[in-house]
Amino acid sequence: MKFSLDEQGFFYRDTWAEVDLDRVRMNVKGIKSHLPEDVEFIAVVKANAYGHGDSQVAEAALEAGASMLAVAFMDEALALRKKRITAPILVLGASRPEDVNIAAEEGIILTVFQEEWLAKAQDVLKKNTTLMLHIKIDTGMGRIGIRSIEELKAVERLIEEDERLQLHGIYTHYATADELDDTYFNKQLALFRKMLSSMEKQPLVVHSSNSAAALMHADAQFNAVRVGIAMYGLAPSMEIQPELPVDLQEAFTLYSRLVHVKKLDKGEKVSYGATYEAPEEIWVGTLPIGYADGWIRRLQGQEVLVDGKRSPIIGRICMDQCMVKLPNEVPVGTIATLIGSQGKEAISINEIASKLETINYEVPCIISSRVPRLYRQDGKVVDLNNSLL
């Protein structure tokens, strides 16, 4: 049955995620208040805005003061353009040189990460067009980027001599900015400064800081920062969380509803492999969420919130369903909070990440697209097209 407008909007299942756009805006404003006024805020919305919704988060971030967006691939940039996002978009990853004309037509900024790539791009770029570029410097992350002053000078010269190319920015990325030990961070920063100083003319936008560096290292802010994880209300790492100067608010919550409730006798078993056996008479509820939704099997034993109480997942998580041991008999249709707060209890993304032995970045990213995303702003529910219901 389709949910009514005043509840979950237009979808037909009892599992959904909610993204609080007000919290996204608040996080952006809070981080910006920590930065000098002349430092630009680049909102990182790659991977569908870390699973939160690309265009919805992009619009919220831009409204809160971001001046530019960043994504991983050109496909993501084009998807934002199709959703009428007109702000500057930087593609952080490697794009194919044969696709540069599409980027030029759509006003998408591409990353130059090697001289050979640029030469190939020049061979296919149309006349009387402009391709905006940022140079990526590899100071020790070891992914993509220019590694020597000689290559940097060659790339700078090629761009300067080609009127079709516009050098808009230059950047690097830190491997250990989210650690308290800043030895390697400082080594990378020093190398980036050395590379910058070797240029004939520095580009308009210079950025090196991710969320961690933007919040923890004022000396690395230059005139722009790239903020991803912190914008969504999550600390870049548990190690530096106590040191963060900004109060971040998680924007992502995950809910489901009990679709079946039953009483099991002692000795009865649950789910594949019959690995769970009721130790006594218990109440069990079934939730319509499983590993195909990103609620993976390793979360067996993780607690969810039902009736304001913690209720553990019992038995193996199935593709589309999982079962929980209920604190007591509750009616079908009762909301279960998998991520978020209910009553006096709360389950954070960090708690889920700890259970999975991973980082908080991964958790919202793996909640699959078949879980509907709803949006909240000013206390109202917003549909997937970001129009008020």
# chains A, B, ... in the order shown; residues from 1 in each chain; ligands from 1
call {"tool": "select_by_dssp", "arguments": {"residues": "segment 174-295 of chain A", "states": "strand (DSSP E or B)", "output": "number ranges by chain"}}
result
A: 205-209, 224-227, 252-257, 260-264, 269-270, 276-277, 282-287
call {"tool": "residues_around", "arguments": {"residues": "segment 73-89 of chain A", "least_positions_apart": "6", "cutoff": "10 Å", "atoms": "only C-alpha atoms", "output": "VMD selection string"}}
result
chain A and resid 42 to 49 54 to 56 58 to 59 62 66 to 67 95 to 96 99 to 100 102 to 103 106 to 110 385
call {"tool": "write_last_selection", "arguments": {"atoms": "C-alpha atoms", "output": "CSV table (one decimal), in the first residue's frame"}}
result
chain,number,residue,atom,x,y,z
A,42,ILE,CA,33.7,23.1,-2.1
A,43,ALA,CA,30.9,20.6,-1.3
A,44,VAL,CA,31.8,17.0,-2.1
A,45,VAL,CA,28.7,15.2,-3.4
A,46,LYS,CA,30.3,12.2,-5.0
A,47,ALA,CA,28.7,8.7,-4.7
A,48,ASN,CA,25.2,10.2,-4.7
A,49,ALA,CA,26.3,12.6,-1.9
A,54,ASP,CA,23.2,14.2,-4.9
A,55,SER,CA,21.0,17.1,-6.1
A,56,GLN,CA,19.2,17.5,-2.9
A,58,ALA,CA,24.0,19.9,-3.5
A,59,GLU,CA,21.2,22.4,-3.5
A,62,LEU,CA,24.9,25.8,-2.1
A,66,ALA,CA,29.1,26.4,-0.8
A,67,SER,CA,30.3,28.0,-4.0
A,95,SER,CA,38.2,11.2,-17.0
A,96,ARG,CA,38.8,9.8,-20.4
A,99,ASP,CA,35.3,12.9,-23.4
A,100,VAL,CA,36.7,16.4,-22.9
A,102,ILE,CA,31.3,16.9,-23.3
A,103,ALA,CA,32.9,18.4,-20.2
A,106,GLU,CA,28.5,21.3,-19.9
A,107,GLY,CA,30.9,23.6,-18.1
A,108,ILE,CA,32.4,20.7,-16.1
A,109,ILE,CA,35.9,21.2,-14.6
A,110,LEU,CA,38.2,18.2,-15.2
A,385,ASN,CA,12.5,15.7,-6.6
call {"tool": "closest_residue", "arguments": {"among": "A:Gly228, A:Gly65, A:Gly315, A:Gly343", "to": "Ala213 of chain A", "atoms": "only C-alpha atoms"}}
result
A:Gly228
call {"tool": "atom_distance", "arguments": {"atom1": "atom CA of Asp20 of chain A", "atom2": "atom CA of Lys355 of chain A"}}
result
24.0 Å
call {"tool": "closest_residue", "arguments": {"among": "A:Val259, A:Val124, A:Ile347, A:Leu356", "to": "Val324 of chain A", "atoms": "only C-alpha atoms"}}
result
A:Val259
call {"tool": "closest_residue", "arguments": {"among": "A:Thr111, A:Tyr375, A:Pro36, A:Gly267", "to": "Ala72 of chain A", "atoms": "only C-alpha atoms"}}
result
A:Thr111
call {"tool": "closest_atom_pairs", "arguments": {"of": "segment 199-233 of chain A", "to": "segment 177-184 of chain A", "cutoff": "12 Å", "atoms": "only C-alpha atoms", "output": "Markdown table"}}
result
| residue | atom | partner | partner_atom | distance |
| --- | --- | --- | --- | --- |
| A:Ser208 | CA | A:Ala177 | CA | 10.5 |
| A:Ser209 | CA | A:Ala177 | CA | 8.3 |
| A:Asn210 | CA | A:Ala177 | CA | 7.8 |
| A:Ser211 | CA | A:Asp178 | CA | 8.5 |
| A:Ala212 | CA | A:Asp178 | CA | 5.2 |
| A:Ala213 | CA | A:Ala177 | CA | 5.4 |
| A:Ala214 | CA | A:Ala177 | CA | 9.1 |
| A:Leu215 | CA | A:Ala177 | CA | 9.8 |
| A:Met216 | CA | A:Ala177 | CA | 8.1 |
| A:His217 | CA | A:Ala177 | CA | 8.4 |
| A:Ala218 | CA | A:Ala177 | CA | 11.9 |
| A:Ala220 | CA | A:Ala177 | CA | 10.3 |
| A:Ile229 | CA | A:Asp178 | CA | 11.3 |
| A:Ala230 | CA | A:Asp178 | CA | 11.5 |
call {"tool": "write_last_selection", "arguments": {"atoms": "C-alpha atoms", "output": "mmCIF file, in the first residue's frame"}}
result
data_model
loop_
_atom_site.group_PDB
_atom_site.id
_atom_site.type_symbol
_atom_site.label_atom_id
_atom_site.label_comp_id
_atom_site.auth_asym_id
_atom_site.auth_seq_id
_atom_site.Cartn_x
_atom_site.Cartn_y
_atom_site.Cartn_z
ATOM 1 C CA SER A 208 44.262 20.810 -0.376
ATOM 2 C CA SER A 209 42.043 20.298 2.671
ATOM 3 C CA ASN A 210 39.449 17.584 3.029
ATOM 4 C CA SER A 211 37.016 17.684 5.980
ATOM 5 C CA ALA A 212 39.659 16.711 8.515
ATOM 6 C CA ALA A 213 42.264 19.189 7.336
ATOM 7 C CA ALA A 214 39.691 21.967 6.922
ATOM 8 C CA LEU A 215 38.691 21.596 10.573
ATOM 9 C CA MET A 216 42.048 20.722 12.116
ATOM 10 C CA HIS A 217 44.760 22.442 10.046
ATOM 11 C CA ALA A 218 44.269 26.147 9.372
ATOM 12 C CA ALA A 220 46.408 24.011 4.902
ATOM 13 C CA ILE A 229 31.992 13.638 5.353
ATOM 14 C CA ALA A 230 31.677 16.526 7.821
#
call {"tool": "select_by_dssp", "arguments": {"residues": "segment 56-202 of chain A", "states": "helix (DSSP H, G or I)", "output": "PyMOL selection string"}}
result
chain A and resi 56-63+74-82+97-106+115-124+149-161+183-197
call {"tool": "write_last_selection", "arguments": {"atoms": "C-alpha atoms", "output": "mmCIF file, in the first residue's frame"}}
result
data_model
loop_
_atom_site.group_PDB
_atom_site.id
_atom_site.type_symbol
_atom_site.label_atom_id
_atom_site.label_comp_id
_atom_site.auth_asym_id
_atom_site.auth_seq_id
_atom_site.Cartn_x
_atom_site.Cartn_y
_atom_site.Cartn_z
ATOM 1 C CA GLN A 56 19.162 17.480 -2.874
ATOM 2 C CA VAL A 57 22.348 17.788 -0.847
ATOM 3 C CA ALA A 58 24.011 19.907 -3.536
ATOM 4 C CA GLU A 59 21.196 22.443 -3.450
ATOM 5 C CA ALA A 60 21.188 22.531 0.351
ATOM 6 C CA ALA A 61 24.963 23.036 0.471
ATOM 7 C CA LEU A 62 24.882 25.784 -2.138
ATOM 8 C CA GLU A 63 22.089 27.544 -0.261
ATOM 9 C CA MET A 74 32.015 12.839 -15.053
ATOM 10 C CA ASP A 75 28.863 10.714 -15.033
ATOM 11 C CA GLU A 76 28.081 12.136 -11.592
ATOM 12 C CA ALA A 77 28.647 15.683 -12.824
ATOM 13 C CA LEU A 78 26.399 15.126 -15.841
ATOM 14 C CA ALA A 79 23.687 13.687 -13.591
ATOM 15 C CA LEU A 80 23.748 16.920 -11.575
ATOM 16 C CA ARG A 81 23.549 19.007 -14.738
ATOM 17 C CA LYS A 82 20.488 17.015 -15.839
ATOM 18 C CA PRO A 97 40.617 12.390 -22.596
ATOM 19 C CA GLU A 98 38.294 11.581 -25.500
ATOM 20 C CA ASP A 99 35.344 12.875 -23.446
ATOM 21 C CA VAL A 100 36.665 16.390 -22.871
ATOM 22 C CA ASN A 101 34.287 18.006 -25.362
ATOM 23 C CA ILE A 102 31.305 16.873 -23.328
ATOM 24 C CA ALA A 103 32.862 18.416 -20.227
ATOM 25 C CA ALA A 104 33.506 21.670 -22.099
ATOM 26 C CA GLU A 105 29.943 21.818 -23.379
ATOM 27 C CA GLU A 106 28.501 21.261 -19.911
ATOM 28 C CA GLU A 115 51.098 15.337 -18.985
ATOM 29 C CA GLU A 116 50.208 12.447 -21.291
ATOM 30 C CA TRP A 117 46.495 12.809 -20.449
ATOM 31 C CA LEU A 118 46.574 16.509 -21.282
ATOM 32 C CA ALA A 119 48.282 15.923 -24.624
ATOM 33 C CA LYS A 120 45.616 13.388 -25.612
ATOM 34 C CA ALA A 121 42.858 15.759 -24.497
ATOM 35 C CA GLN A 122 44.301 18.531 -26.668
ATOM 36 C CA ASP A 123 44.214 16.227 -29.701
ATOM 37 C CA VAL A 124 40.431 15.784 -29.479
ATOM 38 C CA ILE A 149 58.128 19.809 -10.639
ATOM 39 C CA GLU A 150 59.309 19.060 -14.175
ATOM 40 C CA GLU A 151 55.977 17.505 -15.158
ATOM 41 C CA LEU A 152 54.048 20.271 -13.412
ATOM 42 C CA LYS A 153 55.932 22.917 -15.391
ATOM 43 C CA ALA A 154 55.301 21.021 -18.626
ATOM 44 C CA VAL A 155 51.568 20.804 -17.901
ATOM 45 C CA GLU A 156 51.433 24.469 -16.943
ATOM 46 C CA ARG A 157 53.158 25.397 -20.194
ATOM 47 C CA LEU A 158 50.801 23.279 -22.339
ATOM 48 C CA ILE A 159 47.773 24.905 -20.722
ATOM 49 C CA GLU A 160 49.220 28.421 -21.073
ATOM 50 C CA GLU A 161 49.954 27.926 -24.766
ATOM 51 C CA THR A 183 54.088 13.919 10.660
ATOM 52 C CA TYR A 184 53.089 12.569 7.250
ATOM 53 C CA PHE A 185 50.478 15.305 6.822
ATOM 54 C CA ASN A 186 53.134 17.983 7.264
ATOM 55 C CA LYS A 187 55.381 16.210 4.771
ATOM 56 C CA GLN A 188 52.606 16.279 2.172
ATOM 57 C CA LEU A 189 51.759 19.915 2.897
ATOM 58 C CA ALA A 190 55.400 20.968 2.529
ATOM 59 C CA LEU A 191 55.658 19.174 -0.814
ATOM 60 C CA PHE A 192 52.450 20.811 -2.057
ATOM 61 C CA ARG A 193 53.793 24.250 -1.116
ATOM 62 C CA LYS A 194 57.049 23.467 -2.925
ATOM 63 C CA MET A 195 55.166 22.450 -6.064
ATOM 64 C CA LEU A 196 53.039 25.589 -5.898
ATOM 65 C CA SER A 197 56.053 27.834 -5.566
#
call {"tool": "residues_around", "arguments": {"residues": "Ala278 of chain A", "least_positions_apart": "5", "cutoff": "12 Å", "atoms": "only C-alpha atoms", "output": "list in words"}}
result
Lys263, Leu264, Asp265, Lys266, Gly267, Glu268, Lys269, Val270, Ser271, Trp283, Val284, Ile314, Gly315, Val324 and Lys325 of chain A
call {"tool": "closest_residue", "arguments": {"among": "A:Leu254, A:Ile282, A:Cys318, A:Val330", "to": "Ala346 of chain A", "atoms": "only C-alpha atoms"}}
result
A:Leu254
call {"tool": "closest_residue", "arguments": {"among": "A:Glu250, A:Glu329, A:Glu345, A:Asp320", "to": "Gly285 of chain A", "atoms": "only C-alpha atoms"}}
result
A:Glu329
call {"tool": "residues_around", "arguments": {"residues": "Met323 of chain A", "least_positions_apart": "5", "cutoff": "12 Å", "atoms": "only C-alpha atoms", "output": "ChimeraX atom specification"}}
result
/A:256-262,269-272,276,283-290,297,299-304,311-318,336
call {"tool": "atom_distance", "arguments": {"atom1": "atom CA of Pro372 of chain A", "atom2": "atom CA of Glu18 of chain A"}}
result
8.4 Å
call {"tool": "atom_distance", "arguments": {"atom1": "atom CA of Ala353 of chain A", "atom2": "atom CA of Gly308 of chain A"}}
result
21.5 Å
call {"tool": "residues_around", "arguments": {"residues": "His134 of chain A", "least_positions_apart": "4", "cutoff": "8 Å", "atoms": "only C-alpha atoms", "output": "JSON, numbers by chain"}}
result
{"A": [90, 109, 110, 111, 112, 167, 168, 169, 170, 171]}
call {"tool": "write_last_selection", "arguments": {"atoms": "N, CA and C atoms", "output": "mmCIF file, in the first residue's frame"}}
result
data_model
loop_
_atom_site.group_PDB
_atom_site.id
_atom_site.type_symbol
_atom_site.label_atom_id
_atom_site.label_comp_id
_atom_site.auth_asym_id
_atom_site.auth_seq_id
_atom_site.Cartn_x
_atom_site.Cartn_y
_atom_site.Cartn_z
ATOM 1 N N LEU A 90 33.574 20.181 -10.108
ATOM 2 C CA LEU A 90 34.909 19.624 -10.356
ATOM 3 C C LEU A 90 34.853 18.110 -10.289
ATOM 4 N N ILE A 109 34.419 21.012 -14.814
ATOM 5 C CA ILE A 109 35.857 21.168 -14.616
ATOM 6 C C ILE A 109 36.495 19.787 -14.463
ATOM 7 N N LEU A 110 37.520 19.509 -15.234
ATOM 8 C CA LEU A 110 38.190 18.214 -15.171
ATOM 9 C C LEU A 110 39.549 18.321 -14.474
ATOM 10 N N THR A 111 40.007 17.192 -13.995
ATOM 11 C CA THR A 111 41.297 17.100 -13.319
ATOM 12 C C THR A 111 42.389 16.647 -14.284
ATOM 13 N N VAL A 112 43.479 17.418 -14.335
ATOM 14 C CA VAL A 112 44.688 17.009 -15.066
ATOM 15 C C VAL A 112 45.607 16.315 -14.073
ATOM 16 N N LEU A 167 43.262 27.161 -16.867
ATOM 17 C CA LEU A 167 43.688 26.591 -15.591
ATOM 18 C C LEU A 167 42.975 27.327 -14.463
ATOM 19 N N HIS A 168 41.995 26.651 -13.875
ATOM 20 C CA HIS A 168 41.150 27.260 -12.842
ATOM 21 C C HIS A 168 41.660 26.965 -11.436
ATOM 22 N N GLY A 169 42.292 25.790 -11.247
ATOM 23 C CA GLY A 169 42.691 25.423 -9.895
ATOM 24 C C GLY A 169 43.790 24.388 -9.835
ATOM 25 N N ILE A 170 44.264 24.158 -8.622
ATOM 26 C CA ILE A 170 45.278 23.135 -8.351
ATOM 27 C C ILE A 170 45.019 22.588 -6.961
ATOM 28 N N TYR A 171 45.289 21.288 -6.768
ATOM 29 C CA TYR A 171 44.978 20.691 -5.468
ATOM 30 C C TYR A 171 45.770 19.419 -5.220
#
